[in-house]
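**Q** Please find protein.txt (compact mmCIF, C-alpha atoms) on the next line:
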```
# COMPACT_ATOMS: atom_id res chain seq x y z
CA MET A 1 -48.84 -126.54 -26.30
CA LYS A 2 -46.93 -126.59 -29.56
CA ASN A 3 -49.31 -124.03 -31.07
CA ASN A 4 -49.11 -121.91 -27.92
CA PHE A 5 -45.34 -121.77 -28.18
CA LYS A 6 -45.34 -120.81 -31.87
CA THR A 7 -48.13 -118.28 -31.34
CA SER A 8 -46.27 -116.74 -28.41
CA VAL A 9 -43.07 -116.51 -30.47
CA ILE A 10 -44.87 -114.87 -33.40
CA ILE A 11 -46.64 -112.33 -31.17
CA LEU A 12 -43.42 -111.52 -29.31
CA LEU A 13 -41.49 -111.27 -32.59
CA LEU A 14 -43.92 -108.78 -34.10
CA GLY A 15 -44.09 -106.84 -30.85
CA GLY A 16 -40.33 -107.07 -30.40
CA LEU A 17 -39.74 -105.76 -33.91
CA LEU A 18 -42.01 -102.77 -33.36
CA THR A 19 -40.49 -102.18 -29.92
CA LYS A 20 -36.97 -102.38 -31.35
CA ILE A 21 -37.88 -99.88 -34.07
CA LEU A 22 -39.31 -97.54 -31.44
CA GLY A 23 -36.22 -98.12 -29.29
CA MET A 24 -33.97 -97.19 -32.18
CA LEU A 25 -36.07 -94.07 -32.82
CA ILE A 26 -35.73 -93.14 -29.15
CA LYS A 27 -31.95 -93.59 -29.36
CA ILE A 28 -31.77 -91.60 -32.61
CA VAL A 29 -33.84 -88.73 -31.19
CA MET A 30 -31.80 -88.76 -27.99
CA SER A 31 -28.40 -88.82 -29.72
CA ARG A 32 -29.33 -86.04 -32.14
CA LEU A 33 -30.84 -83.81 -29.45
CA ILE A 34 -28.15 -84.23 -26.78
CA GLY A 35 -25.10 -85.04 -28.96
CA THR A 36 -22.36 -87.64 -28.57
CA GLU A 37 -21.12 -86.22 -25.26
CA GLY A 38 -24.65 -86.17 -23.83
CA LEU A 39 -25.21 -89.73 -25.00
CA GLY A 40 -21.91 -90.72 -23.40
CA LEU A 41 -23.00 -89.14 -20.12
CA TYR A 42 -26.30 -91.04 -20.26
CA MET A 43 -24.48 -94.31 -20.99
CA MET A 44 -22.20 -93.69 -17.99
CA ILE A 45 -25.27 -93.60 -15.74
CA LEU A 46 -27.13 -96.48 -17.39
CA PRO A 47 -25.11 -99.24 -15.60
CA THR A 48 -26.11 -97.69 -12.25
CA PHE A 49 -29.73 -97.62 -13.42
CA SER A 50 -29.55 -101.29 -14.46
CA LEU A 51 -27.96 -102.28 -11.15
CA PHE A 52 -30.73 -100.75 -9.05
CA ILE A 53 -33.44 -102.13 -11.33
CA SER A 54 -31.99 -105.63 -10.83
CA MET A 55 -31.90 -105.18 -7.06
CA ALA A 56 -35.41 -103.71 -6.97
CA GLN A 57 -36.92 -106.63 -8.86
CA PHE A 58 -35.19 -109.18 -6.60
CA GLY A 59 -35.91 -111.93 -9.12
CA LEU A 60 -39.63 -111.77 -8.33
CA PRO A 61 -40.83 -111.44 -11.96
CA ILE A 62 -39.05 -114.68 -12.95
CA ALA A 63 -40.41 -116.42 -9.85
CA ILE A 64 -43.99 -115.31 -10.62
CA SER A 65 -43.74 -116.39 -14.27
CA LYS A 66 -42.42 -119.82 -13.30
CA LEU A 67 -44.98 -120.44 -10.53
CA VAL A 68 -47.92 -119.19 -12.60
CA ALA A 69 -46.81 -121.40 -15.53
CA GLU A 70 -46.79 -124.49 -13.28
CA GLU A 71 -50.49 -123.84 -12.46
CA LYS A 72 -50.15 -125.09 -8.87
CA LYS A 73 -50.69 -121.83 -6.96
CA ASN A 74 -53.46 -119.34 -6.20
CA ASN A 75 -52.24 -116.52 -8.44
CA ILE A 76 -54.07 -113.75 -6.57
CA LYS A 77 -52.60 -114.83 -3.24
CA LEU A 78 -49.18 -115.16 -4.90
CA PHE A 79 -49.40 -111.60 -6.22
CA PHE A 80 -50.46 -110.08 -2.89
CA SER A 81 -47.82 -112.09 -1.05
CA LEU A 82 -45.00 -110.59 -3.11
CA ILE A 83 -46.11 -106.96 -3.56
CA PRO A 84 -45.21 -105.99 0.09
CA ILE A 85 -41.77 -107.60 -0.33
CA SER A 86 -41.21 -105.56 -3.49
CA LEU A 87 -42.28 -102.29 -1.83
CA ILE A 88 -39.97 -102.81 1.17
CA ILE A 89 -37.00 -103.53 -1.12
CA ASN A 90 -37.75 -100.42 -3.19
CA ILE A 91 -37.96 -98.14 -0.15
CA ILE A 92 -34.58 -99.38 1.10
CA LEU A 93 -32.99 -98.83 -2.33
CA ILE A 94 -34.40 -95.30 -2.63
CA ILE A 95 -32.75 -94.38 0.69
CA ILE A 96 -29.46 -95.94 -0.44
CA ILE A 97 -29.47 -93.98 -3.72
CA PHE A 98 -29.93 -90.66 -1.92
CA ILE A 99 -27.06 -91.51 0.43
CA ILE A 100 -24.50 -92.68 -2.16
CA ALA A 101 -25.35 -90.33 -5.07
CA PRO A 102 -22.82 -87.57 -4.16
CA TYR A 103 -19.93 -90.02 -3.70
CA LEU A 104 -20.83 -92.02 -6.79
CA SER A 105 -20.93 -88.99 -9.07
CA GLU A 106 -17.85 -87.18 -7.77
CA ASN A 107 -15.48 -89.96 -6.68
CA LEU A 108 -16.36 -92.92 -8.89
CA LEU A 109 -17.76 -91.52 -12.14
CA HIS A 110 -15.60 -88.38 -11.82
CA ASP A 111 -18.33 -86.16 -13.26
CA GLN A 112 -20.60 -84.01 -11.08
CA ARG A 113 -23.12 -83.81 -13.93
CA THR A 114 -24.17 -87.38 -13.11
CA TYR A 115 -25.41 -86.47 -9.59
CA LEU A 116 -28.92 -85.27 -10.50
CA PRO A 117 -29.61 -88.13 -12.96
CA ILE A 118 -28.56 -90.67 -10.30
CA LEU A 119 -31.16 -89.18 -7.95
CA GLY A 120 -33.71 -89.59 -10.75
CA ILE A 121 -33.19 -93.37 -10.62
CA ALA A 122 -34.67 -93.42 -7.10
CA PHE A 123 -37.99 -92.06 -8.34
CA VAL A 124 -38.23 -94.51 -11.24
CA ILE A 125 -37.46 -97.94 -9.71
CA PRO A 126 -40.81 -98.50 -7.87
CA PHE A 127 -42.75 -97.99 -11.11
CA THR A 128 -40.44 -100.34 -13.02
CA SER A 129 -40.75 -103.02 -10.32
CA ILE A 130 -44.57 -102.98 -10.32
CA SER A 131 -44.66 -102.99 -14.12
CA ASN A 132 -42.41 -106.06 -14.34
CA ILE A 133 -44.34 -107.95 -11.67
CA CYS A 134 -47.62 -107.33 -13.56
CA ARG A 135 -46.00 -108.37 -16.84
CA SER A 136 -44.64 -111.61 -15.36
CA TYR A 137 -48.16 -112.89 -14.67
CA PHE A 138 -49.01 -112.75 -18.37
CA PHE A 139 -45.73 -114.48 -19.30
CA GLY A 140 -46.63 -117.33 -16.95
CA LYS A 141 -50.05 -117.60 -18.60
CA GLU A 142 -48.41 -117.51 -22.05
CA LYS A 143 -50.49 -114.43 -22.88
CA MET A 144 -48.12 -112.21 -24.82
CA ILE A 145 -50.47 -109.59 -26.30
CA PRO A 146 -50.76 -107.54 -23.04
CA HIS A 147 -46.96 -107.49 -22.78
CA VAL A 148 -46.56 -106.38 -26.40
CA ILE A 149 -49.19 -103.64 -26.22
CA SER A 150 -47.90 -102.28 -22.91
CA ASN A 151 -44.33 -102.24 -24.26
CA LEU A 152 -45.34 -100.41 -27.43
CA LEU A 153 -47.33 -97.74 -25.59
CA GLU A 154 -44.53 -97.39 -23.05
CA ASP A 155 -41.99 -96.71 -25.82
CA ILE A 156 -44.32 -94.34 -27.68
CA THR A 157 -44.76 -92.37 -24.45
CA ARG A 158 -40.99 -92.19 -23.94
CA LEU A 159 -40.42 -91.09 -27.53
CA LEU A 160 -43.04 -88.32 -27.35
CA SER A 161 -41.75 -87.13 -23.97
CA MET A 162 -38.23 -86.79 -25.40
CA ILE A 163 -39.36 -85.01 -28.57
CA ILE A 164 -41.38 -82.53 -26.52
CA GLY A 165 -39.29 -82.29 -23.35
CA ILE A 166 -35.62 -82.32 -24.39
CA PRO A 167 -35.75 -79.11 -26.53
CA LEU A 168 -37.42 -77.33 -23.59
CA ILE A 169 -34.77 -78.33 -21.06
CA ILE A 170 -31.54 -78.74 -23.07
CA ASN A 171 -30.51 -75.10 -22.46
CA LYS A 172 -30.26 -75.80 -18.71
CA GLY A 173 -27.39 -78.22 -19.35
CA LEU A 174 -26.76 -81.91 -19.88
CA SER A 175 -27.25 -82.80 -16.21
CA TYR A 176 -30.85 -81.56 -16.17
CA THR A 177 -31.49 -83.06 -19.60
CA ILE A 178 -30.33 -86.56 -18.60
CA PHE A 179 -32.31 -86.24 -15.36
CA PHE A 180 -35.42 -85.51 -17.44
CA ILE A 181 -34.75 -88.50 -19.72
CA ILE A 182 -34.53 -90.81 -16.70
CA ILE A 183 -37.61 -89.57 -14.83
CA SER A 184 -39.67 -89.68 -18.04
CA ASN A 185 -39.68 -93.42 -17.36
CA ILE A 186 -42.18 -92.74 -14.57
CA ILE A 187 -44.82 -91.66 -17.10
CA SER A 188 -44.06 -94.51 -19.52
CA GLU A 189 -44.04 -97.20 -16.80
CA THR A 190 -47.33 -95.87 -15.40
CA ILE A 191 -48.90 -96.20 -18.85
CA SER A 192 -47.57 -99.77 -19.04
CA ILE A 193 -49.03 -100.69 -15.63
CA LEU A 194 -52.47 -99.30 -16.53
CA ILE A 195 -52.52 -101.25 -19.80
CA LEU A 196 -51.58 -104.49 -18.05
CA ILE A 197 -54.29 -103.99 -15.43
CA LEU A 198 -56.87 -103.56 -18.20
CA PHE A 199 -55.95 -107.00 -19.56
CA LEU A 200 -56.45 -108.81 -16.24
CA PRO A 201 -59.38 -111.28 -16.25
CA LYS A 202 -62.66 -109.46 -15.52
CA ASN A 203 -64.05 -112.29 -13.40
CA ILE A 204 -61.32 -112.08 -10.73
CA THR A 205 -62.74 -112.04 -7.21
CA ILE A 206 -60.41 -110.97 -4.44
CA LYS A 207 -61.29 -112.44 -1.06
CA LYS A 208 -60.11 -111.11 2.27
CA GLN A 209 -57.87 -114.12 2.86
CA ASP A 210 -56.15 -113.50 -0.50
CA LEU A 211 -54.75 -110.22 0.84
CA LYS A 212 -52.88 -112.00 3.63
CA PRO A 213 -49.32 -112.90 2.55
CA ASN A 214 -48.70 -116.63 2.29
CA LYS A 215 -45.38 -117.59 3.90
CA LEU A 216 -45.04 -120.72 1.78
CA TYR A 217 -45.53 -118.72 -1.44
CA ILE A 218 -43.01 -116.13 -0.30
CA LYS A 219 -40.47 -118.80 0.63
CA GLU A 220 -40.84 -120.62 -2.70
CA SER A 221 -40.69 -117.36 -4.67
CA LEU A 222 -37.55 -116.26 -2.87
CA SER A 223 -35.93 -119.67 -3.41
CA ILE A 224 -36.35 -119.00 -7.15
CA GLY A 225 -35.80 -115.25 -7.03
CA ILE A 226 -32.71 -114.99 -4.84
CA PRO A 227 -30.39 -117.13 -7.04
CA ASN A 228 -31.82 -115.34 -10.08
CA THR A 229 -31.26 -111.97 -8.42
CA THR A 230 -27.78 -112.94 -7.36
CA GLY A 231 -26.87 -113.83 -10.94
CA ARG A 232 -28.42 -110.69 -12.38
CA LEU A 233 -26.95 -108.64 -9.55
CA ILE A 234 -23.47 -109.94 -10.25
CA GLY A 235 -23.94 -109.08 -13.94
CA SER A 236 -25.31 -105.65 -13.06
CA ILE A 237 -22.46 -104.99 -10.61
CA GLY A 238 -19.98 -105.85 -13.35
CA TYR A 239 -21.83 -103.52 -15.73
CA PHE A 240 -21.99 -100.87 -12.98
CA LEU A 241 -18.24 -101.09 -12.32
CA GLU A 242 -17.38 -100.96 -16.03
CA PRO A 243 -17.47 -97.17 -16.56
CA ILE A 244 -16.02 -96.57 -13.09
CA LEU A 245 -12.98 -98.82 -13.60
CA LEU A 246 -12.56 -97.70 -17.19
CA THR A 247 -12.66 -94.01 -16.27
CA SER A 248 -10.33 -94.35 -13.29
CA THR A 249 -7.78 -96.46 -15.18
CA LEU A 250 -7.69 -94.34 -18.33
CA ILE A 251 -7.59 -91.02 -16.42
CA ASN A 252 -4.56 -92.31 -14.49
CA LEU A 253 -2.96 -93.18 -17.84
CA GLY A 254 -3.42 -89.61 -19.08
CA TYR A 255 -6.62 -89.81 -21.14
CA THR A 256 -9.07 -86.92 -20.70
CA ASN A 257 -12.51 -87.32 -19.17
CA LYS A 258 -14.08 -85.91 -22.34
CA PHE A 259 -12.29 -88.50 -24.53
CA ILE A 260 -13.43 -91.36 -22.29
CA THR A 261 -17.04 -90.15 -22.12
CA THR A 262 -17.20 -89.64 -25.89
CA GLU A 263 -15.64 -92.99 -26.82
CA TYR A 264 -17.72 -94.85 -24.24
CA GLY A 265 -20.78 -93.14 -25.69
CA ILE A 266 -19.83 -94.31 -29.20
CA LEU A 267 -19.36 -97.91 -28.01
CA SER A 268 -22.37 -98.14 -25.68
CA GLY A 269 -24.67 -95.72 -27.46
CA TYR A 270 -24.05 -96.50 -31.14
CA VAL A 271 -22.13 -99.74 -31.65
CA MET A 272 -23.65 -102.12 -29.09
CA PRO A 273 -27.32 -101.17 -29.72
CA LEU A 274 -26.73 -101.64 -33.47
CA LEU A 275 -25.03 -105.02 -33.08
CA LEU A 276 -27.70 -106.22 -30.63
CA LEU A 277 -30.50 -105.22 -32.98
CA PRO A 278 -31.43 -108.92 -33.57
CA SER A 279 -31.71 -109.39 -29.80
CA PHE A 280 -35.43 -108.59 -29.98
CA PHE A 281 -35.73 -111.87 -31.92
CA THR A 282 -33.79 -113.98 -29.42
CA LEU A 283 -35.51 -112.28 -26.46
CA ALA A 284 -38.94 -113.02 -27.96
CA ILE A 285 -38.01 -116.68 -28.38
CA SER A 286 -36.56 -116.84 -24.87
CA GLN A 287 -39.59 -115.24 -23.22
CA ALA A 288 -41.92 -117.65 -25.02
CA LEU A 289 -39.60 -120.54 -24.13
CA LEU A 290 -39.61 -119.96 -20.36
CA PRO A 291 -43.18 -121.06 -19.47
CA VAL A 292 -43.05 -123.98 -21.95
CA VAL A 293 -39.75 -125.36 -20.66
CA SER A 294 -40.80 -124.74 -17.05
CA LYS A 295 -44.03 -126.71 -17.46
CA GLU A 296 -42.56 -129.58 -19.49
CA TYR A 297 -39.46 -129.93 -17.31
CA SER A 298 -41.61 -130.13 -14.15
CA ASN A 299 -43.65 -132.86 -15.89
CA LYS A 300 -40.41 -134.66 -16.89
CA ASN A 301 -41.12 -134.36 -20.62
CA TYR A 302 -37.41 -134.02 -21.35
CA SER A 303 -37.62 -134.78 -25.07
CA VAL A 304 -39.99 -131.83 -25.52
CA VAL A 305 -37.69 -129.59 -23.47
CA LYS A 306 -34.68 -130.58 -25.57
CA ARG A 307 -36.57 -129.99 -28.82
CA LYS A 308 -37.81 -126.55 -27.80
CA ILE A 309 -34.34 -125.40 -26.72
CA LYS A 310 -32.83 -126.63 -30.00
CA GLN A 311 -35.54 -124.75 -31.91
CA ALA A 312 -34.82 -121.58 -29.95
CA ILE A 313 -31.08 -121.75 -30.68
CA SER A 314 -31.68 -122.54 -34.37
CA TYR A 315 -34.12 -119.65 -34.81
CA SER A 316 -31.66 -117.30 -33.10
CA LEU A 317 -28.85 -118.26 -35.49
CA ILE A 318 -31.10 -118.13 -38.57
CA ILE A 319 -31.65 -114.42 -38.00
CA GLY A 320 -28.29 -113.71 -36.34
CA ILE A 321 -25.91 -114.99 -39.05
CA PRO A 322 -27.27 -112.93 -41.99
CA VAL A 323 -27.43 -109.78 -39.84
CA THR A 324 -23.84 -110.29 -38.68
CA ILE A 325 -22.64 -110.62 -42.29
CA LEU A 326 -24.45 -107.39 -43.22
CA PHE A 327 -22.89 -105.53 -40.30
CA LEU A 328 -19.42 -106.77 -41.29
CA ILE A 329 -19.81 -105.73 -44.93
CA PHE A 330 -21.72 -102.45 -44.49
CA PRO A 331 -20.90 -101.00 -41.05
CA LYS A 332 -20.65 -97.42 -42.37
CA LEU A 333 -24.03 -97.68 -44.10
CA PHE A 334 -25.88 -98.75 -40.95
CA LEU A 335 -24.17 -96.19 -38.70
CA ASN A 336 -24.97 -93.40 -41.14
CA LEU A 337 -28.51 -94.58 -41.75
CA ILE A 338 -29.45 -94.94 -38.09
CA TYR A 339 -27.24 -92.51 -36.16
CA ASN A 340 -25.92 -90.18 -38.87
CA THR A 341 -22.34 -90.92 -37.82
CA ASN A 342 -19.25 -92.82 -39.02
CA GLU A 343 -17.82 -93.30 -35.55
CA GLY A 344 -17.44 -96.86 -34.29
CA ILE A 345 -16.79 -98.74 -37.57
CA GLU A 346 -13.66 -100.45 -36.22
CA TYR A 347 -15.50 -101.53 -33.08
CA ILE A 348 -18.29 -103.11 -35.17
CA ARG A 349 -15.87 -105.16 -37.26
CA LEU A 350 -14.42 -106.84 -34.18
CA LEU A 351 -17.61 -107.26 -32.17
CA ALA A 352 -20.07 -108.36 -34.90
CA PRO A 353 -18.92 -112.04 -35.04
CA ILE A 354 -18.80 -112.18 -31.22
CA CYS A 355 -22.46 -111.20 -31.06
CA LEU A 356 -23.42 -114.53 -32.64
CA PHE A 357 -22.60 -116.04 -29.26
CA GLN A 358 -24.66 -113.33 -27.58
CA TYR A 359 -27.71 -114.14 -29.72
CA ILE A 360 -27.88 -117.73 -28.46
CA GLN A 361 -26.96 -116.83 -24.88
CA ALA A 362 -30.48 -115.59 -24.03
CA PRO A 363 -32.31 -118.86 -24.87
CA LEU A 364 -29.72 -120.80 -22.88
CA SER A 365 -30.01 -118.53 -19.82
CA PHE A 366 -33.81 -118.55 -19.88
CA SER A 367 -33.75 -122.35 -20.22
CA LEU A 368 -31.59 -122.72 -17.12
CA GLU A 369 -33.99 -120.50 -15.16
CA ALA A 370 -37.03 -122.39 -16.45
CA MET A 371 -35.50 -125.71 -15.36
CA GLY A 372 -34.78 -124.33 -11.89
CA LYS A 373 -31.03 -124.22 -12.52
CA ASN A 374 -30.72 -120.64 -11.33
CA ARG A 375 -27.45 -121.36 -9.56
CA ASP A 376 -25.87 -122.51 -12.82
CA ALA A 377 -27.06 -119.32 -14.53
CA MET A 378 -25.61 -117.35 -11.61
CA LYS A 379 -22.26 -119.17 -11.89
CA ALA A 380 -22.10 -118.42 -15.62
CA THR A 381 -22.68 -114.73 -14.95
CA THR A 382 -20.16 -114.68 -12.09
CA ILE A 383 -17.42 -116.30 -14.16
CA GLY A 384 -18.08 -113.87 -17.00
CA VAL A 385 -18.03 -110.79 -14.77
CA ILE A 386 -14.79 -111.81 -13.04
CA ILE A 387 -13.03 -112.48 -16.35
CA ARG A 388 -14.40 -109.29 -17.93
CA THR A 389 -13.39 -107.09 -14.97
CA ILE A 390 -9.87 -108.49 -14.71
CA LEU A 391 -9.28 -108.19 -18.46
CA LEU A 392 -10.72 -104.66 -18.53
CA ILE A 393 -8.20 -103.47 -15.95
CA VAL A 394 -5.19 -105.40 -17.28
CA LEU A 395 -5.75 -104.58 -20.96
CA SER A 396 -6.56 -100.92 -20.27
CA LEU A 397 -3.10 -100.57 -18.69
CA LEU A 398 -1.63 -101.33 -22.14
CA LYS A 399 -2.82 -97.86 -23.29
CA ILE A 400 -4.94 -99.22 -26.13
CA LYS A 401 -7.78 -96.76 -25.54
CA LEU A 402 -11.15 -98.57 -25.32
CA TRP A 403 -9.89 -101.72 -27.06
CA GLY A 404 -9.18 -103.28 -23.66
CA LEU A 405 -12.88 -103.04 -22.82
CA ILE A 406 -13.90 -104.39 -26.23
CA ILE A 407 -11.62 -107.43 -25.95
CA ALA A 408 -12.86 -108.03 -22.38
CA ILE A 409 -16.49 -107.92 -23.57
CA SER A 410 -15.74 -110.38 -26.38
CA ILE A 411 -14.05 -112.99 -24.20
CA ASN A 412 -16.79 -112.66 -21.56
CA VAL A 413 -19.57 -113.34 -24.11
CA ILE A 414 -17.81 -116.41 -25.53
CA ILE A 415 -17.05 -118.01 -22.16
CA VAL A 416 -20.52 -117.39 -20.65
CA THR A 417 -22.27 -118.80 -23.74
CA ILE A 418 -20.14 -121.97 -23.82
CA TYR A 419 -20.57 -122.52 -20.07
CA SER A 420 -24.37 -122.00 -20.28
CA TYR A 421 -24.63 -124.48 -23.17
CA TYR A 422 -22.68 -127.07 -21.16
CA LYS A 423 -24.96 -126.62 -18.13
CA VAL A 424 -28.16 -126.80 -20.19
CA LYS A 425 -26.95 -130.03 -21.81
CA ARG A 426 -26.17 -131.56 -18.41
CA ALA A 427 -29.50 -130.48 -16.94
CA ILE A 428 -31.55 -132.52 -19.44
CA PRO A 429 -31.45 -136.30 -18.80
CA SER A 430 -30.78 -138.45 -21.83
CA SER A 431 -33.96 -139.93 -23.26
```
Just give me the structure as structure tokens.

**A**
Amino acid sequence: MKNNFKTSVIILLLGGLLTKILGMLIKIVMSRLIGTEGLGLYMMILPTFSLFISMAQFGLPIAISKLVAEEKKNNIKLFFSLIPISLIINIILIIIIFIIAPYLSENLLHDQRTYLPILGIAFVIPFTSISNICRSYFFGKEKMIPHVISNLLEDITRLLSMIIGIPLIINKGLSYTIFFIIISNIISETISILILILFLPKNITIKKQDLKPNKLYIKESLSIGIPNTTGRLIGSIGYFLEPILLTSTLINLGYTNKFITTEYGILSGYVMPLLLLPSFFTLAISQALLPVVSKEYSNKNYSVVKRKIKQAISYSLIIGIPVTILFLIFPKLFLNLIYNTNEGIEYIRLLAPICLFQYIQAPLSFSLEAMGKNRDAMKATTIGVIIRTILLIVLSLLKIKLWGLIIAISINVIIVTIYSYYKVKRAIPSS
């Protein structure tokens, strides 16, 4: 088990590093082809995208990973029990997107150019849902190579589609260009699904009774998935409301829509991706941690659980502290090197130390989910979203541009991390 954990971490780290590099290349290509305003427009839509992805998944990937890791279920029957649930949820969400898209673009985001890209989300979410459900099986089995390979090929497909497609469509306007960027996910997610299917065991035999949904499996999966979904949904709703509240508040204070879009693009498109660069490391550790903690916690091996969580936090800080120092000393260098811009230096200097809390938040959140403490994870997210939303509105009224949002983000990260640490500590009985 010890070797499995370390092997999983190493595989996910190498894959995460390559994926992060490809992700940065995608962001660089995108920002240079569509400009700061185009990037800002894309970042305005991204919270809506994230919200619907969270709703479409319904916590099923986490539930599958946990149940597969416990090795107490028929995995084929589990899979076929949950696929119909996922498809029904996706169909409902597609209808909702088509209904609300006009109002969302015109009345909430205050930019008609977002209408077509919002419609694009409807076409993408079924592919993303199936991809994540397939991937969760391999996480539960602690088989990380399929996940890494599918991720890499998915990102390569996205990068190539942008390099080829954006120059062909950019003359039609930013709305069509962002729409293309979003629906290109269909191709990349399809590639990911095909790769994951290729890695499934060749000796699988599917019997007729396996195709019939098992009510007990569905009930147990939903008992795990619903609290997880609720937590993620609350976080996604907060993220979804962020550009809407920010835009509405600042427009009423006299700021122009172009200023808001551009500055939001700088913060969300340049600064945050740069500062969260080490997140591939913490995410790799967290993903490897989930099946280990889930199995050992169910077997009441609390000393092992405690040791693995401490290792995950330590590893996250070992990489996070040096990177934070570099960002504080050389913010201009990194912005120029990666994005060819100097915009956002002041934002980096304030947010870089705060991101140390963010780096250890992922292992803590995954640990709570692995131990079945989904409600605690949900409470942490809820508290953070409420505080962040209230501060965003109140501080924005002070006419301090986007600094109200930045301060709100900082306080949210600190509080959620401290609360999650407290809940993890309480969840593990003293040995």

**Q** Suppose you want the space between CA of Pro146 (chain A) and CA of Leu60 (chain A); what is it in Å?

**A** 18.9 Å

**Q** Within 8 Å of region 113-126 of chain A, counting all atoms listed in the file, which residues qualify if same-chain residues fewer than 3 places away don't, as a VMD selection string?

**A** chain A and resid 41 45 48 to 49 52 to 53 56 87 90 93 to 94 97 to 98 101 to 102 104 to 106 109 129 to 130 174 to 176 178 to 180 182 to 183 185 to 186

**Q** Would you work out the distance separating CA of Tyr137 (chain A) from CA of Glu220 (chain A), expressed in Å to one decimal?

**A**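 It comes out at 16.0 Å.
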
**Q** Between A:Ile62, A:Leu17, A:Leu283, A:Ile393, which one has atoms that come closest to Ile406 (chain A), using all atoms listed in the file?

**A**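 Residue with the minimum atom-to-atom distance to Ile406 (chain A): A:Ile393.
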
**Q** Select all residues near (-27.1, -122.9, -18.6) (cut-off 12 Å, inclusive, file coordinates), counting all atoms listed in the file, and output them as a PyMOL selection string.

**A** chain A and resi 231+309+360-381+415-428

**Q** Show me, as a PyMOL selection string, the residues that have an atom within 8 Å of region 261-275 of chain A when counting all atoms listed in the file, minus same-chain residues fewer than 5 positions from it.

**A** chain A and resi 27+36-37+39-41+43-44+324+327+335+339+343-344+347-348+351-352+355+402

**Q** Need to verify the contact set: region 195-197 of chain A, 8 Å, only C-alpha atoms, exclusion of same-chain residues closer than 5 positions in sequence. Can you return it as a PyMOL selection string?

**A** chain A and resi 134-135+146-147+149-150
